[in-house]
Amino acid sequence: MPKVTVDGQEIEVPNGATVLQACELAGKEIPRFCYHERLSIAGNCRMCLVEVKPGPPKPQASCALPATDGQEIRTDTDMVKTAREGVMEFLLINHPLDCPICDQGGECDLQDQSMMYGRGATRYEENKRAVTEKYMGPLIKTIMTRCIHCTRCVRFSEEIAGVDEIGAIYRGEDMQITTYLEQAASHELSANVIDLCPVGALTSRPYAFEARPWELKKTWSIDVSDAVGANIRLDSRGREVMRALPRINDAVNEEWLSDKGRYQVDGLSRRRLDKVYIRKDGKLVPAEWNEAFAAIAAANPKGSIAAVAGDLVDCETMFAAKALLGALGSDHLEGRQTGLDYDCSNLAAVNFNSTFEGIENADAILIVGSQVRWEAALVNVRLRKAAKRGAKIFVVGPQWDTTYPATFLGEDAAVLHDLPQAITEAFSKAERPAVIVGGGGLAKGALHPALAFAEQFNLVREGWNGFNVLHMAASRMGGLMLGYAQKGGIGNIAKAKPNVLISLGADELDYGAFADSLKVYIGHHGDAGAHAADIILPGASYAEKDGTYVNTEGRVQFAEKAVFAPGDAREDWTILRAMADALDVSVGFDSFAELQSAMIAAVPALGEEGLADFGQLPNADASIRASGAISYPIADFYMTNVVARASATMQRCSSELLHHDDLKEAAE
Amino acid sequence: MADRSLAPDTPELRERWGGFAFTEANKAHADKVIARYPDGRQKSAVMPLLDLAQRQVGAETDTQGWLPLPVIEYVAAYLDVPVIRVLEVATFYFMYNLRPVGKYHVQVCGTTPCMLRGSDAIMEACKARGMKKGAVSEDGLWTLTEVECMGSCATAPMVQINDGNYEDLTPERLDAVLDALAAGKDPKEGTQEPGRHTSEPSGGPTTLKEMVSENHDYRSQW
C-alpha cells in the first residue's frame, strides 16, 4: 500500500493504483479523455498531466504512471495548468467549432474541459484537418472531424464486447477511426461507444438532432428488454421518451446497455393501444370502458378466469391481477407463455445464484441451452471477463459466435447424462465451477439434470453458489415469486378452459388454445396479443408506470414513471382495480401505495431492493432426463418484445444487421 | 506524410486478388516466421507476413508490390486475427504500399538534412524523368514518393529504391543510377561518392586518424 502526497495531503492508495487514481482518491479531479475505468490504459490524450516528484522535471501523464511510495503529486501548480492548457490547445487545433450543431453539446467532455483549460481564441491559422464520415451502422452516427483519437471506442469493442471491428487506420494526423471497409458495427453492445466517446464524433443516429440534454427530464428506470434488469435512465421531453441511457450499477450492468434496451424506446410511441376495443362480429371496434367491463362480467368469470403475464410487466400489475383472480376464486396464473413447465417449487433452482458480479470469478462454466449474447448481452460481457481470467467455458446447444474461447458439446441435451471427459476434468479441478441453464435447456428438461450436475461437482460450496438459470423475460423472476407458474404450465390453464382469459401483455402466447375463452388483453402495443383479443384494455408500458422488477439473479429493483401513457391508456393496476368493481368483488387496495404494501405483505422479498434470498437448492430428481436437440428461443435479437417490434430503429437493425437487406435511405 | 489511402474495394480488385494465396516457398517461410513466436502469440508475425505478401504481389506483377485488400484479408485469415487489426498495421507503416507501384519505387527523402544537402534538386531530377508523386510512370517503371527521414543523414541526400539505398546523390549521380536500373543493370548501392565507403566523414577521417590502417592504443594519451 504505497503512501503518496497529493497537493500536500497524504493518502494511502491500493497496490497497483495509478497516479490518476491516487488523485481521485484524494478528491482531486483530473481531466481526461482517453482514460476510462473499465478500459485498458492508452495514455494518448495527455490531458491528465500532473507534476510528480521524484521524476523528470516535466509534467507526467498520470493515467499511465504507477503510484509509488513517497511520491509527491501536485495537481494545482502553474506548470500543470499551463501544460493542460497546451494539450487542450493542440486537441482543439483540428476540432471543429460546431458545438451549436453538435449532438454532444451539453454533455461533451471536451466542451466541459475547455471551459477550464481552453484559450479564448485560437492561434492556429492553417487549415483544419477534415475527415470523411465513416458508416458504422444504423445506430452510430459519425462526424469524424470531431474525433480526438482517444481510441476508447476501439478499446471497448476489442476488450469489453470482444468483437474486433473498430480500428484506427493510418497514422499521426491522418489517423482515422473506422470499421473495416465501413461495415456496420453489428454486435449487441455497439452503441455503448456513443457513451464512451468524449466528444461528438460518435453520436446516436436515431436520436440525432432530437433534443438537448438540458431539456430532458431524467427518470431512473429499469430495462425490460431482457431479464438482466439493466439500470437505465429514461430521458423524456413532454410525453415522449427521447432516449434511454445506462446508469452505473456495478452489480448489474456496470455502465453498459444492450442496443435493444437503448434503442427500443422509439417503439413506445408507435403502434400504441390508446382506446378500448371490443370485438364485434369478428372486428375490433372502439368502445367505452364500461362496455368492456360489462362484457367481461357477462362472460361469467367467477371461478373460471385465468391470467397470463407477459414478458414486460411489473410485479405490481401481476399482483393486482392475482388479487383479482383470488377474489374471483381462481388461481390460474401463468407467466411462461411459450409453454415451459419446469419445476418452480423452489425458486433457488430457477435463479441466477452466482450473481452477475460473481460469475466473473467462475473458473469453469457449463452453459446449457443459452445463446447468451442474444438472451442476456450484458451477462455475456461477464462471461468474457471470466474467460479472460482463465475460465473454461463449455456450451451445450447449437453453435453461436461466442466472444471468448468456448467448447461446444453438441446440440443434444442428453449430453448432461453422459459428460465428456473434458468437462469432468475441468469441473473436478475447478474452485468456482458454475452451470448456466438457459431457456433452450429448460425446454428440454435440463433443470433437474443440471441440479444433479451441481450435486455431482459440488457447485454449491462455502461462499460460492454456481447454479444458475438465465431467464429472458423481465417479468419472469417477479412472476415466479408471485406464483405465476402452474404445474403443467400454460397447457394446464388451457385445459381448464376458463371463461375469461386476462392477458397482461402476453404476446408470445398461443391464443388458439383459448378459443372458447373471452380474451381480455391489457397491454400497450398492438401486436399478436391484441390481434387475438376479444377485448383490448389499453395499459401502460414500463416507461409509463412505477413498478418493481426482479431480474434473473433475483435482484429486486424499482423503476419510476417517466411519462404518461397515451390517449385512454391507464396504468395497468388501475384497470384491474376498476374491473374488480365492475365484477363486484374486492381486491383490497385503492391506491398504488396500498397495492404495493399488500404485495409486500404477501411476498416480503419484493419490498426490499437488492438480492432476494431463495434459500437452499432442492435435491435433484434423478428420474427426470434431459433429451432432444436444443434450439434457442430467440430468432432475432432486435425483435424479441412488443416495444422492440414497434420500434423503427430496431426494425432497421434487424433488417440491416441480421438479414442484410439493402439500406433503405429516404430520398432527399 | 504523403497522401495515403486504400485502393478502392472494387469487383475488379476482388476478381484480380480474391484468389491470392502464398506460394509454397512463401508459405514455408511464413510458417517459419510464425514459429518464432510463442504459442498464442502468432499474430506478432503480422508485419513479416505482410511484407512477404507484398513481395509476392510484386513478383506476380513485376513491381515492388503492394497490398490489395483481399491480400490483407488473406494475411488476417492466415494468422486468425481480426482483419481490422491487420489493416491498422498495413496503413500505419509506410513500407506497405496501399496502391499499385511501379517496378522501381523511388522514395526521395525530403527531411531537413537531405533538404539542406539538395534533395530538392533530386526531386526535380526525378520529375524531369517523367515521374510524378504517388503515381506510376507511363512505362510502368517508376513510382515517386517523398518520404521522411530514412536515417541516412550522414550521406544526405539519399533515395531508397525498393530494397536499396542510394546516397550522396547529385542529380547526375541519380540519373546514372536510374539509367542503370532502367537498363536492367544492378547499380552499386550505398554512397555514390567516389572514394567513400559507407558513412565515414566525407574527405577522410577527422578523428581517430591512427585507427584507419591498424588498431591503435590511445589510452596513453588520456
# chains A, B, ... in the order shown; residues from 1 in each chain; ligands from 1
>>> select_by_dssp(residues="stretch 326-482 of chain A", states="helix (DSSP H, G or I)", output="PyMOL selection string")
chain A and resi 326-327+347-350+356-359+372-375+377-388+413-417+421-429+439-443+447-456+476-481
>>> residues_around(residues="B:Ile122", least_positions_apart="6", cutoff="10 Å", atoms="only C-alpha atoms", output="NGL selection string")
:B and (108-110 or 114-115 or 128 or 157-159 or 169-175)
>>> interface_residues(of="chain B", to="chain A", cutoff="9 Å", atoms="only C-alpha atoms", output="JSON list (two decimals) with all heavy atoms, in the first residue's frame")
[["chain", "number", "residue", "atom", "x", "y", "z"],
["B", 1, "MET", "N", 3.95, 13.41, -44.04],
["B", 1, "MET", "CA", 3.48, 12.20, -44.67],
["B", 1, "MET", "C", 2.74, 12.52, -45.96],
["B", 1, "MET", "O", 1.89, 13.39, -45.99],
["B", 1, "MET", "CB", 2.51, 11.48, -43.72],
["B", 1, "MET", "CG", 3.23, 10.76, -42.62],
["B", 1, "MET", "SD", 4.16, 9.37, -43.28],
["B", 1, "MET", "CE", 5.45, 9.27, -42.04],
["B", 3, "ASP", "N", 0.14, 11.68, -49.06],
["B", 3, "ASP", "CA", -1.23, 11.17, -49.04],
["B", 3, "ASP", "C", -1.20, 9.67, -49.16],
["B", 3, "ASP", "O", -0.55, 9.12, -50.03],
["B", 3, "ASP", "CB", -2.01, 11.73, -50.23],
["B", 3, "ASP", "CG", -1.90, 13.23, -50.29],
["B", 3, "ASP", "OD1", -1.98, 13.82, -49.21],
["B", 3, "ASP", "OD2", -1.70, 13.77, -51.38],
["B", 4, "ARG", "N", -1.91, 9.05, -48.27],
["B", 4, "ARG", "CA", -2.02, 7.59, -48.36],
["B", 4, "ARG", "C", -3.48, 7.24, -48.24],
["B", 4, "ARG", "O", -4.18, 7.76, -47.37],
["B", 4, "ARG", "CB", -1.27, 6.94, -47.20],
["B", 4, "ARG", "CG", 0.05, 6.33, -47.59],
["B", 4, "ARG", "CD", 0.89, 6.15, -46.37],
["B", 4, "ARG", "NE", 0.59, 4.91, -45.64],
["B", 4, "ARG", "CZ", 1.05, 3.72, -46.00],
["B", 4, "ARG", "NH1", 1.77, 3.58, -47.09],
["B", 4, "ARG", "NH2", 0.79, 2.65, -45.29],
["B", 5, "SER", "N", -3.94, 6.40, -49.08],
["B", 5, "SER", "CA", -5.31, 5.93, -48.91],
["B", 5, "SER", "C", -5.40, 4.56, -49.52],
["B", 5, "SER", "O", -4.60, 4.18, -50.37],
["B", 5, "SER", "CB", -6.29, 6.89, -49.58],
["B", 5, "SER", "OG", -6.02, 6.94, -50.96],
["B", 9, "ASP", "N", -12.31, -0.67, -52.93],
["B", 9, "ASP", "CA", -12.71, -2.08, -52.92],
["B", 9, "ASP", "C", -13.67, -2.31, -54.08],
["B", 9, "ASP", "O", -14.87, -2.15, -53.95],
["B", 9, "ASP", "CB", -13.40, -2.37, -51.58],
["B", 9, "ASP", "CG", -13.75, -3.82, -51.43],
["B", 9, "ASP", "OD1", -13.12, -4.65, -52.11],
["B", 9, "ASP", "OD2", -14.64, -4.13, -50.63],
["B", 82, "PRO", "N", -8.41, -10.54, -36.35],
["B", 82, "PRO", "CA", -9.43, -9.71, -37.00],
["B", 82, "PRO", "C", -8.80, -8.82, -38.07],
["B", 82, "PRO", "O", -7.73, -8.25, -37.85],
["B", 82, "PRO", "CB", -9.99, -8.87, -35.86],
["B", 82, "PRO", "CG", -9.69, -9.64, -34.63],
["B", 82, "PRO", "CD", -8.40, -10.38, -34.90],
["B", 83, "VAL", "N", -9.46, -8.72, -39.19],
["B", 83, "VAL", "CA", -8.85, -8.04, -40.33],
["B", 83, "VAL", "C", -8.59, -6.57, -40.04],
["B", 83, "VAL", "O", -7.61, -5.99, -40.54],
["B", 83, "VAL", "CB", -9.71, -8.26, -41.59],
["B", 83, "VAL", "CG1", -11.07, -7.64, -41.45],
["B", 83, "VAL", "CG2", -9.01, -7.71, -42.82],
["B", 84, "ILE", "N", -9.39, -5.96, -39.18],
["B", 84, "ILE", "CA", -9.17, -4.54, -38.88],
["B", 84, "ILE", "C", -7.81, -4.33, -38.20],
["B", 84, "ILE", "O", -7.13, -3.33, -38.42],
["B", 84, "ILE", "CB", -10.32, -3.96, -38.01],
["B", 84, "ILE", "CG1", -10.17, -2.46, -37.78],
["B", 84, "ILE", "CG2", -10.42, -4.66, -36.67],
["B", 84, "ILE", "CD1", -10.53, -1.62, -38.95],
["B", 85, "ARG", "N", -7.37, -5.32, -37.40],
["B", 85, "ARG", "CA", -6.07, -5.21, -36.72],
["B", 85, "ARG", "C", -4.93, -5.24, -37.75],
["B", 85, "ARG", "O", -3.93, -4.54, -37.62],
["B", 85, "ARG", "CB", -5.88, -6.34, -35.71],
["B", 85, "ARG", "CG", -6.86, -6.32, -34.56],
["B", 85, "ARG", "CD", -6.43, -5.33, -33.49],
["B", 85, "ARG", "NE", -7.13, -4.06, -33.63],
["B", 85, "ARG", "CZ", -8.33, -3.79, -33.14],
["B", 85, "ARG", "NH1", -8.96, -4.70, -32.43],
["B", 85, "ARG", "NH2", -8.90, -2.63, -33.34],
["B", 87, "LEU", "N", -5.30, -4.39, -40.91],
["B", 87, "LEU", "CA", -5.41, -3.17, -41.70],
["B", 87, "LEU", "C", -4.74, -2.00, -40.96],
["B", 87, "LEU", "O", -4.09, -1.15, -41.58],
["B", 87, "LEU", "CB", -6.89, -2.85, -41.95],
["B", 87, "LEU", "CG", -7.13, -1.69, -42.91],
["B", 87, "LEU", "CD1", -6.80, -2.12, -44.34],
["B", 87, "LEU", "CD2", -8.56, -1.20, -42.85],
["B", 88, "GLU", "N", -4.88, -1.98, -39.64],
["B", 88, "GLU", "CA", -4.24, -0.93, -38.86],
["B", 88, "GLU", "C", -2.73, -0.93, -39.08],
["B", 88, "GLU", "O", -2.11, 0.11, -39.28],
["B", 88, "GLU", "CB", -4.53, -1.13, -37.36],
["B", 88, "GLU", "CG", -5.90, -0.72, -36.93],
["B", 88, "GLU", "CD", -6.16, -0.96, -35.45],
["B", 88, "GLU", "OE1", -5.51, -1.85, -34.86],
["B", 88, "GLU", "OE2", -7.01, -0.29, -34.88],
["B", 89, "VAL", "N", -2.16, -2.12, -39.06],
["B", 89, "VAL", "CA", -0.70, -2.24, -39.25],
["B", 89, "VAL", "C", -0.32, -1.83, -40.66],
["B", 89, "VAL", "O", 0.61, -1.06, -40.88],
["B", 89, "VAL", "CB", -0.25, -3.68, -38.96],
["B", 89, "VAL", "CG1", 1.21, -3.86, -39.30],
["B", 89, "VAL", "CG2", -0.49, -4.04, -37.50],
["B", 90, "ALA", "N", -1.08, -2.35, -41.63],
["B", 90, "ALA", "CA", -0.74, -2.09, -43.03],
["B", 90, "ALA", "C", -0.83, -0.60, -43.37],
["B", 90, "ALA", "O", -0.07, -0.09, -44.17],
["B", 90, "ALA", "CB", -1.65, -2.90, -43.95],
["B", 91, "THR", "N", -1.78, 0.09, -42.74],
["B", 91, "THR", "CA", -1.92, 1.51, -43.05],
["B", 91, "THR", "C", -0.97, 2.37, -42.24],
["B", 91, "THR", "O", -0.70, 3.51, -42.59],
["B", 91, "THR", "CB", -3.36, 2.01, -42.79],
["B", 91, "THR", "OG1", -3.73, 1.66, -41.47],
["B", 91, "THR", "CG2", -4.34, 1.40, -43.77],
["B", 92, "PHE", "N", -0.46, 1.82, -41.13],
["B", 92, "PHE", "CA", 0.41, 2.60, -40.26],
["B", 92, "PHE", "C", 1.80, 2.73, -40.85],
["B", 92, "PHE", "O", 2.37, 3.81, -40.89],
["B", 92, "PHE", "CB", 0.49, 1.94, -38.88],
["B", 92, "PHE", "CG", 1.25, 2.76, -37.86],
["B", 92, "PHE", "CD1", 0.58, 3.70, -37.10],
["B", 92, "PHE", "CD2", 2.61, 2.58, -37.67],
["B", 92, "PHE", "CE1", 1.25, 4.46, -36.17],
["B", 92, "PHE", "CE2", 3.29, 3.35, -36.74],
["B", 92, "PHE", "CZ", 2.61, 4.29, -35.98],
["B", 93, "TYR", "N", 2.34, 1.63, -41.34],
["B", 93, "TYR", "CA", 3.73, 1.64, -41.79],
["B", 93, "TYR", "C", 3.82, 2.02, -43.24],
["B", 93, "TYR", "O", 3.11, 1.48, -44.08],
["B", 93, "TYR", "CB", 4.40, 0.29, -41.52],
["B", 93, "TYR", "CG", 4.55, 0.05, -40.06],
["B", 93, "TYR", "CD1", 3.68, -0.77, -39.37],
["B", 93, "TYR", "CD2", 5.56, 0.69, -39.34],
["B", 93, "TYR", "CE1", 3.81, -0.96, -38.00],
["B", 93, "TYR", "CE2", 5.69, 0.51, -37.98],
["B", 93, "TYR", "CZ", 4.81, -0.31, -37.32],
["B", 93, "TYR", "OH", 4.94, -0.47, -35.98]]
>>> closest_residue(among="B:Thr10, B:Glu167, B:Trp142, B:Leu50", to="B:Gly130", atoms="only C-alpha atoms")
B:Trp142
>>> residues_around(residues="stretch 282-291 of chain A", least_positions_apart="2", cutoff="9 Å", atoms="only C-alpha atoms", output="PDB file with N, CA and C atoms, in the first residue's frame")
ATOM      1  N   LYS A 275     -57.033   3.193 -27.013  1.00  0.00           N
ATOM      2  CA  LYS A 275     -58.501   3.182 -26.868  1.00  0.00           C
ATOM      3  C   LYS A 275     -58.925   1.796 -26.431  1.00  0.00           C
ATOM      4  N   VAL A 276     -60.119   1.738 -25.853  1.00  0.00           N
ATOM      5  CA  VAL A 276     -60.697   0.430 -25.548  1.00  0.00           C
ATOM      6  C   VAL A 276     -61.297  -0.135 -26.829  1.00  0.00           C
ATOM      7  N   TYR A 277     -61.067  -1.407 -27.065  1.00  0.00           N
ATOM      8  CA  TYR A 277     -61.664  -2.051 -28.244  1.00  0.00           C
ATOM      9  C   TYR A 277     -62.435  -3.290 -27.799  1.00  0.00           C
ATOM     10  N   ILE A 278     -63.557  -3.533 -28.494  1.00  0.00           N
ATOM     11  CA  ILE A 278     -64.306  -4.779 -28.274  1.00  0.00           C
ATOM     12  C   ILE A 278     -64.511  -5.430 -29.635  1.00  0.00           C
ATOM     13  N   ARG A 279     -64.363  -6.751 -29.661  1.00  0.00           N
ATOM     14  CA  ARG A 279     -64.565  -7.452 -30.932  1.00  0.00           C
ATOM     15  C   ARG A 279     -66.057  -7.662 -31.156  1.00  0.00           C
ATOM     16  N   LYS A 280     -66.533  -7.078 -32.237  1.00  0.00           N
ATOM     17  CA  LYS A 280     -67.948  -7.265 -32.581  1.00  0.00           C
ATOM     18  C   LYS A 280     -68.007  -7.810 -33.998  1.00  0.00           C
ATOM     19  N   PHE A 293     -66.096  -3.607 -19.513  1.00  0.00           N
ATOM     20  CA  PHE A 293     -66.236  -4.280 -18.210  1.00  0.00           C
ATOM     21  C   PHE A 293     -67.537  -5.075 -18.154  1.00  0.00           C
ATOM     22  N   ALA A 294     -68.597  -4.516 -18.745  1.00  0.00           N
ATOM     23  CA  ALA A 294     -69.875  -5.226 -18.749  1.00  0.00           C
ATOM     24  C   ALA A 294     -69.761  -6.527 -19.531  1.00  0.00           C
ATOM     25  N   ALA A 295     -69.020  -6.461 -20.646  1.00  0.00           N
ATOM     26  CA  ALA A 295     -68.847  -7.663 -21.458  1.00  0.00           C
ATOM     27  C   ALA A 295     -68.087  -8.735 -20.680  1.00  0.00           C
ATOM     28  N   ILE A 296     -67.102  -8.277 -19.892  1.00  0.00           N
ATOM     29  CA  ILE A 296     -66.320  -9.251 -19.105  1.00  0.00           C
ATOM     30  C   ILE A 296     -67.224  -9.876 -18.031  1.00  0.00           C
ATOM     31  N   HIS A 531     -54.175  -8.642 -31.470  1.00  0.00           N
ATOM     32  CA  HIS A 531     -54.853  -9.201 -32.639  1.00  0.00           C
ATOM     33  C   HIS A 531     -55.787 -10.331 -32.248  1.00  0.00           C
ATOM     34  N   ALA A 533     -57.193 -10.740 -29.310  1.00  0.00           N
ATOM     35  CA  ALA A 533     -58.052 -10.441 -28.161  1.00  0.00           C
ATOM     36  C   ALA A 533     -59.495 -10.193 -28.581  1.00  0.00           C
ATOM     37  N   ASP A 534     -60.398 -10.416 -27.613  1.00  0.00           N
ATOM     38  CA  ASP A 534     -61.792 -10.038 -27.807  1.00  0.00           C
ATOM     39  C   ASP A 534     -62.046  -8.660 -27.235  1.00  0.00           C
ATOM     40  N   ILE A 535     -61.325  -8.343 -26.184  1.00  0.00           N
ATOM     41  CA  ILE A 535     -61.442  -7.026 -25.568  1.00  0.00           C
ATOM     42  C   ILE A 535     -60.028  -6.499 -25.328  1.00  0.00           C
ATOM     43  N   ILE A 536     -59.805  -5.271 -25.749  1.00  0.00           N
ATOM     44  CA  ILE A 536     -58.489  -4.673 -25.515  1.00  0.00           C
ATOM     45  C   ILE A 536     -58.651  -3.531 -24.531  1.00  0.00           C
ATOM     46  N   LEU A 537     -57.919  -3.602 -23.448  1.00  0.00           N
ATOM     47  CA  LEU A 537     -57.921  -2.515 -22.471  1.00  0.00           C
ATOM     48  C   LEU A 537     -56.537  -1.883 -22.516  1.00  0.00           C
ATOM     49  N   ALA A 582     -66.326  -3.580 -11.357  1.00  0.00           N
ATOM     50  CA  ALA A 582     -67.331  -3.984 -12.342  1.00  0.00           C
ATOM     51  C   ALA A 582     -67.788  -5.415 -12.107  1.00  0.00           C
TER      52      ALA A 582
END
>>> residues_around(residues="A:Asp401", least_positions_apart="5", cutoff="10 Å", atoms="only C-alpha atoms", output="list in words")
Val163, Gln371, Val372, Arg373 and Ala406 of chain A
>>> write_last_selection(atoms="C-alpha atoms", output="PDB file, in the first residue's frame")
ATOM      1  CA  VAL A 163     -15.781  -8.146 -31.328  1.00  0.00           C
ATOM      2  CA  GLN A 371     -27.346 -18.130 -26.662  1.00  0.00           C
ATOM      3  CA  VAL A 372     -26.070 -15.720 -24.040  1.00  0.00           C
ATOM      4  CA  ARG A 373     -25.130 -12.960 -26.455  1.00  0.00           C
ATOM      5  CA  ALA A 406     -15.679 -21.983 -25.724  1.00  0.00           C
TER       6      ALA A 406
END
>>> residues_around(residues="A:Leu347", least_positions_apart="5", cutoff="8 Å", atoms="only C-alpha atoms", output="PyMOL selection string")
chain A and resi 480-481+614
>>> closest_residue(among="B:Gly134, B:Gly40, B:Pro48, B:Pro201", to="B:Val86", atoms="only C-alpha atoms")
B:Pro48
>>> select_by_dssp(residues="stretch 61-170 of chain B", states="strand (DSSP E or B)", output="mmCIF file with N, CA, C and O atoms, in the first residue's frame")
data_model
loop_
_atom_site.group_PDB
_atom_site.id
_atom_site.type_symbol
_atom_site.label_atom_id
_atom_site.label_comp_id
_atom_site.auth_asym_id
_atom_site.auth_seq_id
_atom_site.Cartn_x
_atom_site.Cartn_y
_atom_site.Cartn_z
ATOM 1 N N TYR B 104 10.140 0.107 -59.969
ATOM 2 C CA TYR B 104 11.044 0.723 -59.003
ATOM 3 C C TYR B 104 10.298 1.809 -58.245
ATOM 4 O O TYR B 104 9.725 2.721 -58.843
ATOM 5 N N HIS B 105 10.310 1.679 -56.944
ATOM 6 C CA HIS B 105 9.627 2.639 -56.087
ATOM 7 C C HIS B 105 10.685 3.598 -55.551
ATOM 8 O O HIS B 105 11.478 3.226 -54.687
ATOM 9 N N VAL B 106 10.747 4.793 -56.154
ATOM 10 C CA VAL B 106 11.791 5.754 -55.796
ATOM 11 C C VAL B 106 11.290 6.613 -54.639
ATOM 12 O O VAL B 106 10.354 7.384 -54.783
ATOM 13 N N GLN B 107 11.888 6.423 -53.467
ATOM 14 C CA GLN B 107 11.454 7.168 -52.284
ATOM 15 C C GLN B 107 12.517 8.212 -51.965
ATOM 16 O O GLN B 107 13.600 7.876 -51.489
ATOM 17 N N VAL B 108 12.198 9.461 -52.234
ATOM 18 C CA VAL B 108 13.160 10.540 -52.026
ATOM 19 C C VAL B 108 12.968 11.102 -50.624
ATOM 20 O O VAL B 108 11.865 11.494 -50.255
ATOM 21 N N CYS B 109 14.066 11.134 -49.874
ATOM 22 C CA CYS B 109 13.983 11.689 -48.525
ATOM 23 C C CYS B 109 13.985 13.213 -48.619
ATOM 24 O O CYS B 109 14.828 13.786 -49.292
ATOM 25 N N LYS B 133 4.641 12.295 -58.267
ATOM 26 C CA LYS B 133 4.458 11.815 -56.899
ATOM 27 C C LYS B 133 3.211 10.948 -56.787
ATOM 28 O O LYS B 133 2.136 11.338 -57.226
ATOM 29 N N VAL B 136 2.260 5.868 -60.894
ATOM 30 C CA VAL B 136 3.159 5.012 -61.655
ATOM 31 C C VAL B 136 3.410 5.690 -62.995
ATOM 32 O O VAL B 136 2.490 6.190 -63.626
ATOM 33 N N TRP B 142 8.470 3.427 -62.842
ATOM 34 C CA TRP B 142 8.767 4.263 -61.682
ATOM 35 C C TRP B 142 7.521 4.672 -60.897
ATOM 36 O O TRP B 142 6.484 4.953 -61.461
ATOM 37 N N THR B 143 7.680 4.745 -59.590
ATOM 38 C CA THR B 143 6.724 5.439 -58.736
ATOM 39 C C THR B 143 7.551 6.336 -57.821
ATOM 40 O O THR B 143 8.551 5.884 -57.253
ATOM 41 N N LEU B 144 7.166 7.586 -57.743
ATOM 42 C CA LEU B 144 7.925 8.542 -56.927
ATOM 43 C C LEU B 144 7.153 8.831 -55.647
ATOM 44 O O LEU B 144 5.942 9.048 -55.671
ATOM 45 N N THR B 145 7.863 8.794 -54.523
ATOM 46 C CA THR B 145 7.248 9.154 -53.249
ATOM 47 C C THR B 145 8.225 10.021 -52.478
ATOM 48 O O THR B 145 9.432 9.740 -52.486
ATOM 49 N N GLU B 146 7.718 11.041 -51.848
ATOM 50 C CA GLU B 146 8.580 11.797 -50.939
ATOM 51 C C GLU B 146 8.365 11.241 -49.549
ATOM 52 O O GLU B 146 7.229 11.098 -49.093
ATOM 53 N N VAL B 147 9.452 10.906 -48.878
ATOM 54 C CA VAL B 147 9.324 10.291 -47.559
ATOM 55 C C VAL B 147 10.060 11.116 -46.522
ATOM 56 O O VAL B 147 10.834 12.031 -46.851
ATOM 57 N N VAL B 159 18.101 8.504 -51.780
ATOM 58 C CA VAL B 159 16.811 7.944 -52.147
ATOM 59 C C VAL B 159 16.847 6.457 -51.812
ATOM 60 O O VAL B 159 17.915 5.850 -51.745
ATOM 61 N N GLN B 160 15.683 5.929 -51.563
ATOM 62 C CA GLN B 160 15.590 4.476 -51.397
ATOM 63 C C GLN B 160 14.793 3.953 -52.576
ATOM 64 O O GLN B 160 13.704 4.432 -52.868
ATOM 65 N N ILE B 161 15.403 2.996 -53.285
ATOM 66 C CA ILE B 161 14.700 2.392 -54.414
ATOM 67 C C ILE B 161 14.533 0.913 -54.105
ATOM 68 O O ILE B 161 15.523 0.185 -53.954
ATOM 69 N N GLY B 164 17.121 -1.006 -51.890
ATOM 70 C CA GLY B 164 18.458 -0.423 -51.842
ATOM 71 C C GLY B 164 18.443 1.063 -51.536
ATOM 72 O O GLY B 164 17.551 1.786 -51.977
ATOM 73 N N ASN B 165 19.459 1.519 -50.791
ATOM 74 C CA ASN B 165 19.619 2.951 -50.544
ATOM 75 C C ASN B 165 20.711 3.489 -51.466
ATOM 76 O O ASN B 165 21.753 2.849 -51.639
ATOM 77 N N TYR B 166 20.468 4.642 -52.042
ATOM 78 C CA TYR B 166 21.487 5.281 -52.889
ATOM 79 C C TYR B 166 21.742 6.646 -52.302
ATOM 80 O O TYR B 166 20.816 7.467 -52.188
ATOM 81 N N GLU B 167 22.997 6.862 -51.872
ATOM 82 C CA GLU B 167 23.284 8.011 -51.039
ATOM 83 C C GLU B 167 24.287 8.948 -51.705
ATOM 84 O O GLU B 167 24.861 8.627 -52.730
#
>>> closest_atom_pairs(of="stretch 553-641 of chain A", to="stretch 303-315 of chain A", cutoff="10 Å", atoms="only C-alpha atoms", output="Markdown table")
| residue | atom | partner | partner_atom | distance |
| --- | --- | --- | --- | --- |
| A:Val556 | CA | A:Cys315 | CA | 9.8 |
| A:Phe558 | CA | A:Asp314 | CA | 9.3 |
| A:Ala559 | CA | A:Asp314 | CA | 9.0 |
| A:Asp572 | CA | A:Val313 | CA | 9.1 |
| A:Trp573 | CA | A:Asp314 | CA | 10.0 |
| A:Gln596 | CA | A:Cys315 | CA | 9.2 |
| A:Met599 | CA | A:Cys315 | CA | 8.4 |
| A:Leu606 | CA | A:Cys315 | CA | 8.3 |
| A:Thr640 | CA | A:Asp311 | CA | 9.7 |
| A:Asn641 | CA | A:Asp311 | CA | 7.7 |
>>> residues_around(residues="B:Gln56", least_positions_apart="3", cutoff="12 Å", atoms="only C-alpha atoms", output="PyMOL selection string")
chain B and resi 17+20-27+29-30+49-53+59-68+71
>>> atom_distance(atom1="atom CA of A:Ala121", atom2="atom CA of A:Leu92")
10.4 Å
